[in-house]
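Source file: data15.txt (compact mmCIF, C-alpha atoms)
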```
# COMPACT_ATOMS: atom_id res chain seq x y z
CA MET A 990 -7.51 34.51 -27.48
CA SER A 991 -7.65 36.70 -24.36
CA HIS A 992 -7.03 33.62 -22.22
CA VAL A 993 -3.81 32.91 -24.12
CA ILE A 994 -2.67 36.50 -23.62
CA ASP A 995 -3.35 36.24 -19.90
CA LEU A 996 -1.28 33.04 -19.70
CA THR A 997 1.56 34.68 -21.61
CA GLN A 998 1.48 37.66 -19.27
CA GLU A 999 1.41 35.36 -16.25
CA GLY A 1000 4.41 33.47 -17.57
CA ARG A 1001 6.36 36.64 -18.25
CA GLN A 1002 5.79 37.90 -14.72
CA ALA A 1003 6.69 34.56 -13.17
CA GLN A 1004 9.93 34.62 -15.16
CA ILE A 1005 10.76 38.09 -13.83
CA VAL A 1006 10.27 36.85 -10.27
CA ALA A 1007 12.46 33.78 -10.92
CA GLU A 1008 15.21 35.95 -12.40
CA ALA A 1009 14.97 38.34 -9.44
CA GLU A 1010 15.35 35.46 -7.00
CA LYS A 1011 18.49 34.26 -8.77
CA PHE A 1012 19.85 37.81 -8.92
CA ALA A 1013 19.19 38.28 -5.21
CA GLU A 1014 20.91 35.02 -4.28
CA GLU A 1015 24.00 35.88 -6.35
CA HIS A 1016 24.35 39.65 -5.99
CA ILE A 1017 22.47 40.75 -2.84
CA GLY A 1018 22.54 37.97 -0.25
CA PRO A 1019 26.34 37.64 -0.11
CA ARG A 1020 26.60 41.38 0.68
CA ALA A 1021 23.81 41.67 3.26
CA ARG A 1022 26.12 41.57 6.27
CA GLU A 1023 28.46 44.04 4.57
CA PHE A 1024 25.62 46.53 4.07
CA ASP A 1025 24.36 46.10 7.62
CA GLU A 1026 27.77 46.64 9.22
CA ALA A 1027 28.80 49.51 6.92
CA GLY A 1028 25.43 51.21 7.30
CA VAL A 1029 25.11 51.95 3.58
CA LEU A 1030 23.54 50.35 0.55
CA ALA A 1031 26.05 50.19 -2.29
CA ASP A 1032 25.47 52.47 -5.30
CA ASP A 1033 26.67 49.81 -7.73
CA LEU A 1034 23.93 47.44 -6.55
CA ILE A 1035 21.26 50.13 -6.86
CA GLN A 1036 22.29 50.89 -10.42
CA ASN A 1037 22.48 47.18 -11.26
CA MET A 1038 18.90 46.78 -10.08
CA ALA A 1039 17.83 49.89 -11.98
CA THR A 1040 19.11 48.48 -15.28
CA ARG A 1041 16.91 45.43 -14.70
CA GLY A 1042 13.82 47.47 -13.85
CA TYR A 1043 13.81 46.23 -10.26
CA LEU A 1044 13.52 49.68 -8.64
CA THR A 1045 10.01 50.14 -10.03
CA ALA A 1046 8.91 46.58 -10.77
CA ASN A 1047 5.31 47.41 -9.85
CA LEU A 1048 4.96 50.43 -12.17
CA PRO A 1049 3.70 50.34 -15.79
CA THR A 1050 6.19 49.61 -18.55
CA GLU A 1051 5.41 52.98 -20.17
CA TYR A 1052 7.28 54.62 -17.29
CA GLY A 1053 10.15 52.12 -17.28
CA GLY A 1054 8.68 49.69 -14.76
CA LEU A 1055 8.13 45.97 -15.17
CA GLY A 1056 4.35 46.10 -14.85
CA LEU A 1057 4.09 43.37 -12.22
CA ASP A 1058 0.61 42.75 -10.86
CA PRO A 1059 0.17 42.79 -7.05
CA VAL A 1060 0.66 39.02 -6.67
CA HIS A 1061 3.90 38.89 -8.63
CA TYR A 1062 5.10 42.15 -7.09
CA GLY A 1063 4.67 40.53 -3.69
CA LEU A 1064 6.61 37.46 -4.77
CA PHE A 1065 9.26 39.78 -6.20
CA GLN A 1066 9.52 41.59 -2.85
CA GLN A 1067 9.83 38.23 -1.12
CA ALA A 1068 12.73 37.25 -3.40
CA ILE A 1069 14.63 40.46 -2.68
CA GLY A 1070 13.75 40.49 1.03
CA LYS A 1071 15.04 36.98 1.68
CA ALA A 1072 18.44 38.16 0.50
CA ASP A 1073 18.56 41.51 2.31
CA CYS A 1074 16.04 43.60 4.22
CA ALA A 1075 17.71 46.94 3.43
CA THR A 1076 17.57 46.35 -0.31
CA ARG A 1077 13.92 45.36 -0.03
CA THR A 1078 13.24 48.52 2.00
CA LEU A 1079 14.59 50.65 -0.84
CA ILE A 1080 12.16 49.03 -3.24
CA THR A 1081 9.26 49.41 -0.78
CA VAL A 1082 9.89 53.11 -0.16
CA HIS A 1083 10.88 54.01 -3.69
CA SER A 1084 8.29 52.07 -5.67
CA ALA A 1085 5.41 51.37 -3.26
CA LEU A 1086 5.18 54.43 -1.02
CA CYS A 1087 6.40 57.05 -3.49
CA GLY A 1088 5.94 55.40 -6.89
CA GLU A 1089 2.36 54.31 -6.31
CA SER A 1090 1.48 57.71 -4.83
CA LEU A 1091 2.83 59.47 -7.89
CA LEU A 1092 1.14 57.04 -10.25
CA ARG A 1093 -2.24 57.42 -8.55
CA TRP A 1094 -2.29 61.12 -7.66
CA GLY A 1095 0.36 62.81 -9.80
CA ASN A 1096 -0.63 64.80 -12.88
CA GLU A 1097 0.72 63.82 -16.28
CA GLU A 1098 3.61 66.27 -16.11
CA GLN A 1099 4.70 64.96 -12.71
CA LYS A 1100 4.45 61.32 -13.77
CA GLU A 1101 6.30 61.86 -17.04
CA LEU A 1102 9.04 63.78 -15.26
CA TRP A 1103 9.65 61.62 -12.20
CA LEU A 1104 8.60 58.03 -12.83
CA PRO A 1105 11.10 57.34 -15.67
CA ARG A 1106 13.86 58.89 -13.55
CA MET A 1107 12.88 56.69 -10.62
CA ALA A 1108 12.87 53.62 -12.87
CA LYS A 1109 16.39 54.38 -14.13
CA GLY A 1110 17.73 55.07 -10.67
CA GLU A 1111 18.51 58.65 -11.65
CA SER A 1112 16.32 59.87 -8.78
CA LEU A 1113 15.69 57.94 -5.59
CA ALA A 1114 12.53 58.82 -3.67
CA ALA A 1115 11.64 58.84 0.03
CA PHE A 1116 8.33 59.33 1.82
CA ALA A 1117 8.54 62.04 4.50
CA LEU A 1118 5.63 61.59 6.91
CA SER A 1119 6.86 60.77 10.44
CA GLU A 1120 8.15 63.52 12.72
CA PRO A 1121 9.87 63.80 16.12
CA ASN A 1122 6.47 64.25 17.82
CA VAL A 1123 4.22 62.57 15.27
CA GLY A 1124 4.19 58.89 14.37
CA THR A 1125 0.97 56.94 14.53
CA ASP A 1126 -1.12 60.14 14.75
CA ALA A 1127 -0.20 61.07 11.19
CA LYS A 1128 -3.01 63.62 10.81
CA SER A 1129 -1.28 65.84 13.37
CA VAL A 1130 1.85 66.63 11.35
CA GLU A 1131 3.65 69.67 12.67
CA THR A 1132 5.57 70.51 9.50
CA ARG A 1133 3.82 73.62 8.20
CA TYR A 1134 3.26 75.14 4.79
CA ARG A 1135 1.88 78.45 3.66
CA LYS A 1136 1.18 79.81 0.22
CA VAL A 1137 3.02 82.95 -0.79
CA GLY A 1138 2.13 84.11 -4.27
CA ASP A 1139 2.79 81.27 -6.68
CA ILE A 1140 4.91 79.17 -4.30
CA TYR A 1141 4.49 77.17 -1.10
CA VAL A 1142 6.89 77.72 1.81
CA LEU A 1143 7.64 74.72 4.06
CA ASN A 1144 9.05 74.71 7.58
CA GLY A 1145 9.50 71.79 9.93
CA GLU A 1146 11.31 68.54 10.62
CA LYS A 1147 10.75 64.91 9.63
CA LYS A 1148 12.28 61.90 11.40
CA TRP A 1149 12.73 58.15 10.83
CA ILE A 1150 12.69 58.66 7.07
CA SER A 1151 14.06 55.58 5.29
CA PHE A 1152 16.55 56.64 2.60
CA GLY A 1153 16.06 60.20 3.76
CA ASP A 1154 19.82 60.72 3.73
CA LYS A 1155 20.16 59.40 0.18
CA ALA A 1156 16.99 60.28 -1.74
CA ASP A 1157 16.86 62.98 -4.40
CA LEU A 1158 13.10 63.46 -4.14
CA PHE A 1159 10.86 63.60 -1.08
CA VAL A 1160 7.10 63.23 -0.88
CA VAL A 1161 6.54 65.59 2.05
CA ILE A 1162 3.34 65.69 4.09
CA ALA A 1163 2.66 69.06 5.72
CA GLY A 1164 -0.25 71.01 7.20
CA ASN A 1165 -1.35 74.63 7.12
CA ASP A 1166 -2.95 76.89 9.72
CA GLN A 1167 -6.40 76.18 8.30
CA GLY A 1168 -6.16 72.52 9.25
CA GLN A 1169 -5.47 71.23 5.74
CA VAL A 1170 -2.87 68.51 5.13
CA SER A 1171 -1.21 68.43 1.72
CA ALA A 1172 1.59 66.56 -0.08
CA PHE A 1173 4.49 68.13 -1.93
CA LEU A 1174 7.28 66.92 -4.19
CA VAL A 1175 10.40 68.42 -2.66
CA GLU A 1176 13.80 68.05 -4.29
CA ARG A 1177 16.93 67.62 -2.23
CA ASP A 1178 18.67 70.57 -3.88
CA PHE A 1179 15.91 73.04 -2.96
CA PRO A 1180 17.49 75.71 -0.71
CA GLY A 1181 16.66 75.08 2.94
CA VAL A 1182 16.54 71.26 2.75
CA THR A 1183 19.05 69.49 4.99
CA THR A 1184 19.30 65.86 6.08
CA ARG A 1185 21.06 64.23 9.03
CA PRO A 1186 21.56 60.47 9.30
CA LEU A 1187 20.29 58.64 12.38
CA ARG A 1188 22.80 56.27 13.97
CA GLY A 1189 22.45 53.44 16.48
CA MET A 1190 19.39 51.88 14.86
CA LEU A 1191 18.17 48.47 15.99
CA ALA A 1192 17.56 47.51 12.37
CA GLY A 1193 17.44 49.13 8.95
CA ARG A 1194 21.04 50.16 9.46
CA ALA A 1195 21.75 50.30 5.71
CA THR A 1196 18.54 52.14 4.82
CA HIS A 1197 19.99 55.63 5.27
CA ILE A 1198 17.36 56.60 7.88
CA ALA A 1199 17.49 60.32 8.55
CA LYS A 1200 16.01 63.49 9.93
CA ILE A 1201 15.02 66.02 7.29
CA GLU A 1202 14.79 69.73 8.08
CA PHE A 1203 12.89 72.27 6.02
CA ASP A 1204 13.87 75.89 6.61
CA ASN A 1205 11.71 78.23 4.54
CA VAL A 1206 11.87 75.82 1.61
CA GLU A 1207 10.20 77.31 -1.46
CA VAL A 1208 8.20 74.74 -3.43
CA PRO A 1209 6.63 75.59 -6.81
CA THR A 1210 2.85 75.13 -7.04
CA ALA A 1211 3.58 72.61 -9.82
CA ASN A 1212 5.05 70.36 -7.11
CA LEU A 1213 1.80 70.00 -5.18
CA LEU A 1214 0.91 66.29 -5.33
CA GLY A 1215 -2.82 65.81 -5.73
CA LYS A 1216 -5.18 68.48 -4.47
CA GLU A 1217 -4.46 70.86 -1.64
CA GLY A 1218 -6.00 69.43 1.50
CA GLY A 1219 -5.90 65.87 0.18
CA GLY A 1220 -2.55 64.95 1.68
CA PHE A 1221 -3.84 62.60 4.35
CA THR A 1222 -7.13 61.31 2.97
CA TYR A 1223 -5.68 60.45 -0.42
CA ILE A 1224 -1.87 60.52 -0.54
CA VAL A 1225 -1.06 59.08 2.90
CA SER A 1226 -3.88 56.53 2.77
CA THR A 1227 -2.74 55.31 -0.66
CA ALA A 1228 0.91 55.18 0.38
CA LEU A 1229 0.29 53.33 3.63
CA ASP A 1230 -1.95 50.77 1.93
CA HIS A 1231 0.76 49.97 -0.62
CA GLY A 1232 3.40 50.13 2.09
CA ARG A 1233 1.55 47.66 4.29
CA TYR A 1234 1.26 45.23 1.42
CA SER A 1235 5.02 45.42 0.88
CA ILE A 1236 5.72 45.04 4.60
CA ALA A 1237 3.49 41.97 4.75
CA TRP A 1238 5.63 40.34 2.08
CA ALA A 1239 8.74 41.57 3.90
CA GLY A 1240 7.58 39.52 6.86
CA VAL A 1241 7.20 36.45 4.69
CA SER A 1242 10.72 36.95 3.35
CA ILE A 1243 12.21 37.23 6.84
CA ALA A 1244 10.25 34.25 8.13
CA GLN A 1245 11.21 32.08 5.17
CA GLU A 1246 14.88 32.99 5.42
CA ALA A 1247 14.75 32.31 9.17
CA VAL A 1248 13.31 28.85 8.44
CA ASN A 1249 16.05 28.29 5.86
CA GLN A 1250 18.74 29.28 8.35
CA MET A 1251 17.41 27.23 11.28
CA VAL A 1252 16.99 24.12 9.12
CA SER A 1253 20.47 24.45 7.65
CA TYR A 1254 22.02 25.01 11.07
CA ALA A 1255 20.05 22.20 12.74
CA ARG A 1256 21.19 19.73 10.08
CA LYS A 1257 24.87 20.57 10.59
CA ARG A 1258 25.27 21.43 14.27
CA LYS A 1259 25.94 18.53 16.64
CA GLN A 1260 25.38 18.32 20.40
CA PHE A 1261 25.54 15.20 22.58
CA GLY A 1262 26.70 13.26 19.54
CA LYS A 1263 23.56 14.04 17.53
CA ARG A 1264 22.57 16.67 15.02
CA LEU A 1265 20.16 19.26 16.40
CA ALA A 1266 17.64 18.20 13.76
CA GLU A 1267 17.34 14.84 15.50
CA PHE A 1268 16.03 16.35 18.75
CA GLN A 1269 12.26 16.30 19.07
CA LEU A 1270 11.95 19.81 20.54
CA ILE A 1271 14.03 21.28 17.73
CA LYS A 1272 11.81 19.48 15.23
CA GLY A 1273 8.86 21.09 16.94
CA LEU A 1274 10.31 24.57 16.46
CA ILE A 1275 11.01 23.84 12.80
CA ALA A 1276 7.55 22.40 12.21
CA ASP A 1277 5.79 25.38 13.79
CA ALA A 1278 7.99 27.89 11.96
CA THR A 1279 7.38 26.21 8.61
CA THR A 1280 3.62 26.01 9.13
CA GLU A 1281 3.36 29.62 10.29
CA THR A 1282 5.42 30.85 7.34
CA HIS A 1283 3.24 28.98 4.87
CA ALA A 1284 0.13 30.44 6.52
CA ALA A 1285 1.62 33.94 6.34
CA ARG A 1286 2.41 33.53 2.65
CA ALA A 1287 -1.11 32.25 1.94
CA LEU A 1288 -2.62 35.35 3.55
CA CYS A 1289 -0.37 37.60 1.46
CA LEU A 1290 -1.29 35.73 -1.72
CA LYS A 1291 -4.97 36.18 -0.91
CA ALA A 1292 -4.47 39.89 -0.32
CA GLY A 1293 -2.54 40.10 -3.60
CA GLU A 1294 -5.31 38.41 -5.55
CA MET A 1295 -7.88 40.74 -4.03
CA ARG A 1296 -5.75 43.77 -4.91
CA LYS A 1297 -5.22 42.45 -8.42
CA ASN A 1298 -8.98 42.06 -8.91
CA LYS A 1299 -9.70 45.38 -7.16
CA LEU A 1300 -12.08 43.77 -4.67
CA GLN A 1301 -13.76 45.91 -2.04
CA ASP A 1302 -12.06 44.45 1.04
CA ALA A 1303 -8.57 44.32 -0.48
CA ALA A 1304 -7.19 47.05 1.78
CA MET A 1305 -8.59 45.34 4.89
CA GLU A 1306 -7.16 41.98 3.83
CA THR A 1307 -3.83 43.76 3.37
CA THR A 1308 -4.06 45.20 6.88
CA MET A 1309 -4.74 41.74 8.32
CA ALA A 1310 -1.83 40.31 6.35
CA LYS A 1311 0.53 42.99 7.62
CA TYR A 1312 -0.57 42.42 11.21
CA PHE A 1313 -0.42 38.62 11.11
CA VAL A 1314 2.75 38.27 9.07
CA SER A 1315 4.74 40.74 11.17
CA LYS A 1316 3.90 38.65 14.26
CA VAL A 1317 4.90 35.46 12.45
CA ALA A 1318 8.18 36.98 11.29
CA MET A 1319 9.05 37.99 14.86
CA LYS A 1320 8.20 34.57 16.28
CA VAL A 1321 10.02 32.59 13.59
CA ALA A 1322 13.08 34.85 13.76
CA THR A 1323 13.12 34.41 17.55
CA ASP A 1324 12.97 30.63 17.17
CA CYS A 1325 15.75 30.83 14.61
CA VAL A 1326 17.96 32.52 17.20
CA GLN A 1327 16.94 29.89 19.75
CA VAL A 1328 17.99 27.03 17.47
CA HIS A 1329 21.34 28.74 16.90
CA GLY A 1330 21.90 29.21 20.64
CA GLY A 1331 24.87 31.47 21.34
CA ASN A 1332 25.68 31.64 17.64
CA GLY A 1333 22.31 33.29 17.09
CA CYS A 1334 23.50 36.30 19.08
CA ILE A 1335 26.46 37.24 16.91
CA SER A 1336 26.60 38.78 13.45
CA ASP A 1337 28.62 35.85 12.12
CA TYR A 1338 25.25 34.23 11.48
CA PRO A 1339 22.21 35.79 9.72
CA ALA A 1340 19.87 34.82 12.60
CA GLU A 1341 20.88 37.86 14.64
CA ARG A 1342 20.16 40.29 11.80
CA LEU A 1343 16.85 38.62 10.92
CA PHE A 1344 15.74 38.93 14.55
CA ARG A 1345 16.45 42.67 14.58
CA GLU A 1346 14.79 43.28 11.23
CA ALA A 1347 11.68 41.29 12.17
CA LYS A 1348 10.99 43.50 15.17
CA MET A 1349 10.79 46.60 12.98
CA LEU A 1350 7.90 45.12 11.02
CA GLU A 1351 5.66 45.31 14.08
CA ILE A 1352 6.20 49.08 14.15
CA ILE A 1353 6.59 50.49 10.64
CA GLU A 1354 3.63 51.29 8.37
CA GLY A 1355 1.37 51.24 11.43
CA THR A 1356 2.07 49.45 14.71
CA SER A 1357 0.48 46.10 15.46
CA GLN A 1358 -1.77 47.81 18.00
CA ILE A 1359 -3.11 50.22 15.36
CA GLN A 1360 -3.72 47.29 13.02
CA GLN A 1361 -5.71 45.61 15.81
CA GLU A 1362 -7.88 48.73 16.14
CA ILE A 1363 -8.55 48.79 12.39
CA ILE A 1364 -9.24 45.06 12.13
CA SER A 1365 -11.51 44.96 15.17
CA GLY A 1366 -13.53 47.86 13.79
CA TYR A 1367 -13.98 45.96 10.55
CA ALA A 1368 -15.00 42.77 12.39
CA LEU A 1369 -17.51 44.60 14.59
CA ARG A 1370 -19.18 46.00 11.49
CA LYS A 1371 -19.04 42.93 9.30
CA TYR A 1372 -19.72 40.07 11.67
CA SER A 1373 -22.22 41.53 14.10
CA LYS A 1374 -25.49 39.68 14.54
CA ALA A 1375 -28.62 40.67 16.37
CA CYS A 1376 -28.59 39.19 19.86
CA LYS A 1377 -31.49 36.91 20.62
CA ARG A 1378 -32.74 36.34 24.12
```
Mind turning this structure into structure tokens?
Amino acid sequence: MSHVIDLTQEGRQAQIVAEAEKFAEEHIGPRAREFDEAGVLADDLIQNMATRGYLTANLPTEYGGLGLDPVHYGLFQQAIGKADCATRTLITVHSALCGESLLRWGNEEQKELWLPRMAKGESLAAFALSEPNVGTDAKSVETRYRKVGDIYVLNGEKKWISFGDKADLFVVIAGNDQGQVSAFLVERDFPGVTTRPLRGMLAGRATHIAKIEFDNVEVPTANLLGKEGGGFTYIVSTALDHGRYSIAWAGVSIAQEAVNQMVSYARKRKQFGKRLAEFQLIKGLIADATTETHAARALCLKAGEMRKNKLQDAAMETTMAKYFVSKVAMKVATDCVQVHGGNGCISDYPAERLFREAKMLEIIEGTSQIQQEIISGYALRKYSKACKR
């Protein structure tokens, strides 16, 4: 009987992913260039996704989510990401970074208050970690907090915060003078909170990236997320793990869409009286891109299965997926531009946007160099053997 239930659940989740892919093709993809050039993600699309449960597809149904397991959530992210990177970024930040952090570390009152609102699109959430002087070295946050009576007072500045200029709720990471790092749920309408959009971005132009300033912001003790002092070890670690998994799938989505675009263009474009797809060197680019994309997807699926089964090395497999897939996305997007030639350098074609978005994946949620440090440390522990003379 349990086996039948599992199959039914599997079928339901697969159907959600299929419906999301159709929705993305019809309602998101045709507007991707519009969002990128306007620098905003349309409110009507956000609400349309909210009504379908797409904003929190990974969260339990009791909170308004769709209850997708890690594998199907990854495939869901791929479906949205192929259509538009900015829309996928909203889901990553809102449901993976913030939603998963709240689900794991929030108390019952916090979860019952915020998660249903996030599912309905009534409150959008952003994760406020990076700062003007702090990126990779996340433990060294300069935003400070102090406790005064029954409130916390926050001062400082965050930077590079995706949807920071649009979110209603911020998960803010701050430190105190005793060396503790803690996480707080800060609402946009708290006095002293101001946001300023960042312009001139290479990519993520429709993700409302912003600076956030906190000027003596008073935060109730009820808005402490998790335990005081657990902001980095628990909250940030959880958020980045879920974020890296989403970014890995984002890379698959970019790579696959780049393959789609280069194949379509190569089949239509003619030079020297032949279609580009008839030239051996172009075939080589397409073959490599297709193989690398399939390999990237396979690594993400393995990481998803490990996360689903709560296996010990799931987080490490996720880190390897994020590192490998971001490199693949950049290479395949570059080859996509190459196949398009001059047309790959203008926004009339998606290749240019995919190239820009791919580069960001090698930086966000931990640079490729940091991933190399983590992975090499794991390998040196796991695969070492006693040397024999």
At a cut-off of 12 Å, using all atoms listed in the file, what residues contact Asn1165 (chain A)? Leave out same-chain residues fewer than 3 positions from it and give the result as an MDAnalysis selection string.
chainID A and resid 1128:1136 1141:1145 1162 1168:1172 1217:1218 1220
Contact table region 1115-1158 of chain A vs region 1333-1353 of chain A, cut-off 12 Å, shortest pair per residue, all atoms listed in the file, as CSV:
```
residue,atom,partner,partner_atom,distance
A:Leu1118,CA,A:Ile1353,CA,11.7
A:Ser1119,CA,A:Ile1353,CA,10.3
A:Gly1124,CA,A:Ile1353,CA,9.5
A:Thr1125,CA,A:Ile1353,CA,9.4
A:Trp1149,CA,A:Ile1353,CA,9.8
A:Ile1150,CA,A:Ile1353,CA,10.8
A:Ser1151,CA,A:Ile1353,CA,10.5
```
Quick one: everything within 6 Å of region 1266-1283 of chain A, counting all atoms listed in the file, minus sequence neighbours fewer than 6 positions away in the same chain. Send it as a CSV table (one decimal) with C-alpha atoms, in the coordinates of the input.
```csv
chain,number,residue,atom,x,y,z
A,1244,ALA,CA,10.2,34.2,8.1
A,1255,ALA,CA,20.0,22.2,12.7
A,1256,ARG,CA,21.2,19.7,10.1
A,1321,VAL,CA,10.0,32.6,13.6
```
Please report the interatomic distance between CA of Trp1103 (chain A) and CA of Val1208 (chain A) in Å with one decimal.
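We find that CA of Trp1103 (chain A) and CA of Val1208 (chain A) lie 15.8 Å from each other.
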Can you list, as a ChimeraX atom specification, every protein, DNA or RNA residue that comes within 12 Å of Gly1189 (chain A) when you count only C-alpha atoms, leaving out same-chain residues fewer than 5 positions away?
/A:1025-1026,1028,1194-1195,1197-1199
Of the candidates A:Ile1201, A:Leu1044, A:Ala1284, A:Leu1057, which one gets nearest to Leu1113 (chain A) if we count all atoms listed in the file?
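For Leu1113 (chain A), the nearest of the candidates is A:Leu1044.
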Pairwise distance for CA of Ser1357 (chain A) and CA of Ser1226 (chain A), rounded to one decimal in Å
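Between these atoms lies a distance of 17.0 Å.
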All residues 12 Å or closer to Met1295 (chain A), all atoms listed in the file, same chain fewer than 4 positions away omitted, as a PyMOL selection string:
chain A and resi 1058-1060+1234+1288-1291+1299-1307
Got a sec: who's within 8 Å of region 1078-1088 of chain A, counting only C-alpha atoms, leaving out chain neighbours fewer than 6 positions off, as a ChimeraX atom specification?
/A:1043-1048,1066,1104,1107,1113-1116,1151-1152,1160,1196,1227-1229,1231-1232,1235-1236
Point (14.8, 65.7, 0.8), cut-off 6 Å, counting all atoms listed in the file, residues as a list in words:
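With a cut-off of 6 Å, the residues come to Leu1158, Phe1159, Glu1176 and Arg1177 of chain A.
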One decimal, in Å: what's the spacing between CA of Asn1249 (chain A) and CA of Val1328 (chain A)?
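If I compute the distance from CA of Asn1249 (chain A) to CA of Val1328 (chain A), I get 11.8 Å.
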Minimum-distance residue to Ala1287 (chain A), chosen among A:Gly1095, A:Phe1179, A:Phe1313, A:Arg1188 (using all atoms listed in the file)
A:Phe1313
When you count only C-alpha atoms, which of these residues is closest to Lys1316 (chain A): A:Asn1037, A:Thr1050, A:Gln1099, A:Gln1358?
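Nearest to Lys1316 (chain A): A:Gln1358.
Counting only C-alpha atoms, the residue from A:Asp1166, A:Gln1002, A:Val1161, A:Tyr1223 that sits nearest to Val1206 (chain A) is A:Val1161.
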Given the choices A:Lys1374, A:Arg1185, A:Lys1200, A:His1061, which gets closest to Arg1296 (chain A) if the distance is worked out from only C-alpha atoms?
A:His1061
